[in-house]
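Note: the block below is final.tsv and it holds TSV, C-alpha atoms and all ligand atoms.
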```tsv
chain	number	residue	atom	x	y	z
A	1	MET	CA	33.90	111.43	82.11
A	2	ASP	CA	32.17	109.71	85.03
A	3	LEU	CA	29.62	107.14	83.94
A	4	VAL	CA	26.76	105.90	86.09
A	5	SER	CA	25.28	102.43	85.58
A	6	ARG	CA	21.73	102.47	84.25
A	7	ALA	CA	19.43	100.24	86.24
A	8	GLY	CA	17.28	97.89	84.18
A	9	GLU	CA	18.34	99.07	80.73
A	10	GLY	CA	21.99	98.13	81.13
A	11	GLY	CA	24.87	100.26	79.94
A	12	ALA	CA	26.15	103.36	81.67
A	13	GLU	CA	25.28	106.99	81.25
A	14	CYS	CA	26.93	110.34	81.70
A	15	PRO	CA	24.72	112.43	84.00
A	16	SER	CA	25.97	115.72	82.61
A	17	CYS	CA	25.52	115.18	78.83
A	18	GLY	CA	22.96	112.36	78.73
A	19	GLY	CA	25.17	110.18	76.52
A	20	VAL	CA	25.14	106.42	77.11
A	21	PHE	CA	27.76	103.74	76.67
A	22	TYR	CA	27.09	100.04	76.01
A	23	ASP	CA	29.45	97.12	75.73
A	24	ALA	CA	28.81	95.12	72.55
A	25	ASP	CA	27.10	92.15	74.23
A	26	THR	CA	24.69	94.22	76.32
A	27	LEU	CA	23.84	96.35	73.28
A	28	ARG	CA	23.25	93.28	71.10
A	29	ALA	CA	20.88	91.84	73.74
A	30	LEU	CA	19.00	95.14	74.05
A	31	LEU	CA	18.58	95.54	70.28
A	32	ALA	CA	17.55	91.89	69.84
A	33	GLU	CA	14.68	92.57	72.24
A	34	VAL	CA	13.36	95.63	70.39
A	35	ARG	CA	14.09	94.49	66.84
A	36	ASP	CA	11.31	94.07	64.23
A	37	ALA	CA	8.45	95.08	66.52
A	38	PRO	CA	5.16	94.38	64.70
A	39	ASP	CA	3.56	97.68	65.78
A	40	ALA	CA	6.61	99.92	65.28
A	41	ALA	CA	6.30	103.24	63.47
A	42	PRO	CA	8.14	103.62	60.15
A	43	TYR	CA	11.65	104.89	60.74
A	44	SER	CA	12.54	108.45	59.88
A	45	ARG	CA	16.20	109.31	59.53
A	46	PRO	CA	17.57	112.23	61.49
A	47	PRO	CA	18.27	115.26	59.29
A	48	LEU	CA	21.80	115.41	57.88
A	49	SER	CA	23.79	117.98	59.77
A	50	LEU	CA	26.53	118.79	57.29
A	51	ASN	CA	27.49	121.92	59.15
A	52	ASP	CA	28.32	120.19	62.42
A	53	PRO	CA	32.06	119.73	62.73
A	54	VAL	CA	33.13	116.07	62.72
A	55	GLN	CA	34.28	115.29	66.19
A	56	TYR	CA	36.13	112.17	67.27
A	57	LEU	CA	35.59	111.20	70.89
A	58	ARG	CA	37.85	109.39	73.27
A	59	CYS	CA	36.46	106.12	74.70
A	60	PRO	CA	35.09	106.69	78.22
A	61	LEU	CA	36.75	103.47	79.41
A	62	CYS	CA	40.16	103.45	77.73
A	63	PRO	CA	42.47	106.07	76.23
A	64	GLU	CA	41.69	105.15	72.59
A	65	MET	CA	39.92	107.43	70.14
A	66	MET	CA	36.65	105.95	68.91
A	67	ASN	CA	35.62	105.35	65.29
A	68	ARG	CA	32.53	107.02	63.87
A	69	HIS	CA	30.05	104.70	62.22
A	70	ASN	CA	26.64	105.06	60.55
A	71	PHE	CA	24.71	102.60	62.70
A	72	GLY	CA	23.33	99.70	60.62
A	73	GLU	CA	24.93	101.38	57.53
A	74	SER	CA	21.74	103.32	56.77
A	75	SER	CA	20.23	104.67	60.02
A	76	GLY	CA	21.82	108.09	59.64
A	77	VAL	CA	22.80	107.92	63.33
A	78	ILE	CA	26.55	108.35	63.63
A	79	VAL	CA	27.65	106.43	66.72
A	80	ASP	CA	31.14	106.27	68.21
A	81	ILE	CA	32.70	102.84	68.58
A	82	CYS	CA	35.63	101.60	70.65
A	83	ASN	CA	36.50	98.20	69.17
A	84	LYS	CA	37.54	97.00	72.59
A	85	ASP	CA	34.91	98.47	74.94
A	86	GLY	CA	31.68	99.27	73.16
A	87	VAL	CA	29.48	101.93	71.61
A	88	TRP	CA	28.84	105.51	72.68
A	89	PHE	CA	25.49	107.20	71.92
A	90	ASP	CA	25.13	110.95	72.27
A	91	ASP	CA	21.97	112.09	74.01
A	92	GLY	CA	19.00	110.93	71.91
A	93	GLU	CA	20.96	108.64	69.60
A	94	LEU	CA	20.10	105.41	71.43
A	95	ALA	CA	16.38	106.19	71.09
A	96	GLN	CA	16.93	106.75	67.34
A	97	VAL	CA	18.81	103.46	66.99
A	98	ILE	CA	16.09	101.60	68.91
A	99	ALA	CA	13.46	103.10	66.57
A	100	PHE	CA	15.62	102.02	63.60
A	101	CYS	CA	15.81	98.42	64.88
A	102	ALA	CA	12.14	98.26	65.90
A	103	SER	CA	10.97	99.44	62.46
A	104	GLY	CA	12.69	96.47	60.78
A	105	GLU	CA	15.23	98.71	59.01
A	106	LEU	CA	18.23	97.02	60.63
A	107	THR	CA	17.03	93.62	59.42
A	108	LYS	CA	16.52	95.06	55.91
A	109	SER	CA	19.97	96.64	55.96
A	110	GLU	CA	21.62	93.38	57.07
A	111	LYS	CA	19.86	91.42	54.31
A	112	LEU	CA	21.07	93.95	51.73
A	113	ALA	CA	24.63	93.78	53.04
A	114	HIS	CA	24.53	89.99	52.81
A	115	LEU	CA	23.23	90.17	49.24
A	116	ARG	CA	25.93	92.65	48.24
A	117	GLN	CA	28.59	90.38	49.70
A	118	GLN	CA	27.27	87.39	47.72
A	119	GLN	CA	27.21	89.44	44.52
A	120	ARG	CA	30.77	90.59	45.12
A	121	LYS	CA	31.89	86.96	45.52
A	122	GLU	CA	30.13	85.99	42.29
A	123	ILE	CA	31.71	88.87	40.39
A	124	ASP	CA	35.16	87.96	41.75
A	125	ALA	CA	34.69	84.33	40.73
A	126	ARG	CA	33.58	85.36	37.21
A	127	GLY	CA	36.56	87.70	36.94
A	128	ARG	CA	38.95	84.90	37.87
A	129	GLU	CA	37.29	82.56	35.35
A	130	LEU	CA	37.60	85.21	32.65
A	131	ASP	CA	41.30	85.72	33.45
A	132	ARG	CA	41.83	81.99	33.23
A	133	VAL	CA	40.09	81.71	29.84
A	134	ILE	CA	41.97	84.70	28.38
A	135	LEU	CA	45.28	83.30	29.55
A	136	GLN	CA	44.46	79.88	28.14
A	137	HIS	CA	43.57	81.34	24.74
A	138	ALA	CA	46.65	83.51	24.73
A	139	ARG	CA	48.91	80.56	25.52
A	140	ALA	CA	47.24	78.42	22.88
A	141	SER	CA	47.68	81.24	20.41
A	142	ILE	CA	51.42	81.44	21.14
A	143	ARG	CA	51.88	77.69	20.82
A	144	THR	CA	50.28	77.81	17.39
A	145	GLY	CA	52.42	80.78	16.36
A	146	GLY	CA	49.87	83.45	17.26
A	147	SER	CA	50.21	87.11	16.48
A	148	PRO	CA	52.96	89.19	18.08
A	149	MET	CA	50.21	91.41	19.52
A	150	ILE	CA	48.90	88.59	21.70
A	151	TYR	CA	52.45	87.79	22.72
A	152	HIS	CA	52.95	91.40	23.71
A	153	LEU	CA	49.69	91.45	25.70
A	154	ILE	CA	50.68	88.37	27.62
A	155	HIS	CA	53.99	89.82	28.58
A	156	THR	CA	52.34	93.03	29.63
A	157	PHE	CA	49.51	91.61	31.72
A	158	PHE	CA	50.36	88.08	32.75
A	159	ARG	CA	53.96	88.25	33.84
B	1	ZN	ZN	37.85	101.84	74.86
```
structure tokens encoding of this file:
Amino acid sequence: MDLVSRAGEGGAECPSCGGVFYDADTLRALLAEVRDAPDAAPYSRPPLSLNDPVQYLRCPLCPEMMNRHNFGESSGVIVDICNKDGVWFDDGELAQVIAFCASGELTKSEKLAHLRQQQRKEIDARGRELDRVILQHARASIRTGGSPMIYHLIHTFFR
């Protein structure tokens, strides 16, 4: 695939298929510019195309196969990512992603992801605390000649 640099917008495009490729930094800068535009239209997701065969593409810059990723977790635009070189957008996908960012949906999605991560941490911490309390009670129960059932549980779960 021969890519041609895009003047002004950055990135490089394939003249025959209309796909564009951006390195991560250039893409980040572009999306930061368009993000959360006050007059942007509400975002509408592209229709799901369940019948299209899943196709993995090779990176245009290196020999690696790219990973497929739902941009912003919820845009419905499946982009192809080379972890080393950047992101490939099929013809039309970059415009969709820009609309997604401009509408504020990327910001919403990032806030949700952050919230989920915090909740996961809290749940993990509570789980560890619960384990600790159960173990403590079980040990105390053994010391005071607790039931054989507790003893059995401890040897099953807390070896
Ligand atoms: Zn690559």
Counting only C-alpha atoms and all ligand atoms, name the residues that have an atom within 8 Å of an atom of ligand ZN 1 (chain B); the answer should be given as a PDB file with C-alpha atoms, in the frame of the given file.
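New file pocket_2.pdb:
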```pdb
ATOM      1  CA  ARG A  58      37.850 109.390  73.270  1.00  0.00           C
ATOM      2  CA  CYS A  59      36.460 106.120  74.700  1.00  0.00           C
ATOM      3  CA  PRO A  60      35.090 106.690  78.220  1.00  0.00           C
ATOM      4  CA  LEU A  61      36.750 103.470  79.410  1.00  0.00           C
ATOM      5  CA  CYS A  62      40.160 103.450  77.730  1.00  0.00           C
ATOM      6  CA  PRO A  63      42.470 106.070  76.230  1.00  0.00           C
ATOM      7  CA  GLU A  64      41.690 105.150  72.590  1.00  0.00           C
ATOM      8  CA  MET A  65      39.920 107.430  70.140  1.00  0.00           C
ATOM      9  CA  MET A  66      36.650 105.950  68.910  1.00  0.00           C
ATOM     10  CA  CYS A  82      35.630 101.600  70.650  1.00  0.00           C
ATOM     11  CA  ASN A  83      36.500  98.200  69.170  1.00  0.00           C
ATOM     12  CA  LYS A  84      37.540  97.000  72.590  1.00  0.00           C
ATOM     13  CA  ASP A  85      34.910  98.470  74.940  1.00  0.00           C
ATOM     14  CA  GLY A  86      31.680  99.270  73.160  1.00  0.00           C
TER      15      GLY A  86
END
```
Review point. Of the candidates A:Gln55, A:Gly11, A:Arg128, A:Ser49, which shows the shortest atom-to-atom distance to Ala24 of chain A, using all atoms listed in the file?
Key: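 So, comparing all the options, the nearest one is A:Gly11.
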Point to revise | Atom-to-atom span, atom CA of Val20 of chain A and atom CA of Asp90 of chain A, Å | key: 6.6 Å
Check your understanding: For Tyr43 of chain A, which of A:Ala99, A:Ala29, A:Ile123, A:Leu94 is the closest residue, counting only C-alpha atoms?
Key ->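 Between A:Ala99, A:Ala29, A:Ile123, A:Leu94, the residue approaching Tyr43 of chain A most closely is A:Ala99.
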Point to revise | For atom CA of Pro15 of chain A and atom CA of Val77 of chain A, the interatomic separation in Å (one decimal) | key: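 Going from atom CA of Pro15 of chain A over to atom CA of Val77 of chain A covers 21.2 Å.
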Study note, to complete from the structure: Atom pair atom CA of Cys17 of chain A + atom CA of Glu73 of chain A, distance 25.4 Å
Check your understanding: Which of these, A:Gly19, A:Leu48, A:Asp25, A:Asp36, has the shortest distance to Val79 of chain A once you count all atoms listed in the file?
Key -> A:Gly19
**Study point:** Selection near Pro46 of chain A, 12 Å with all atoms listed in the file, sequence-local residues under 2 positions removed, as a list in words
**Key:**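 My list of contacting residues is Tyr43, Ser44, Leu48, Ser49, Leu50, Asn70, Ser74, Ser75, Gly76, Val77, Ile78, Gly92, Glu93, Ala95, Gln96, Val97, Ala99 and Phe100 of chain A.
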**Study point:** Shortest interatomic distance to Ile98 of chain A - which of A:Arg35, A:Ile134, A:Leu3, A:His114, counting all atoms listed in the file
**Key:** A:Arg35
Exercise for review: Please identify all polymer residues within 12 Å of Glu33 of chain A, counting all atoms listed in the file, omitting same-chain residues fewer than 3 positions from it, and present them as a PyMOL selection string.
Suggested key: chain A and resi 9+26-30+36-37+98+101-102
Exercise for review: Skip Glu13 of chain A itself and residues of its chain fewer than 5 positions away, then list as a PyMOL selection string all residues within 9 Å of it, counting all atoms listed in the file.
Suggested key: chain A and resi 2-6+18-22
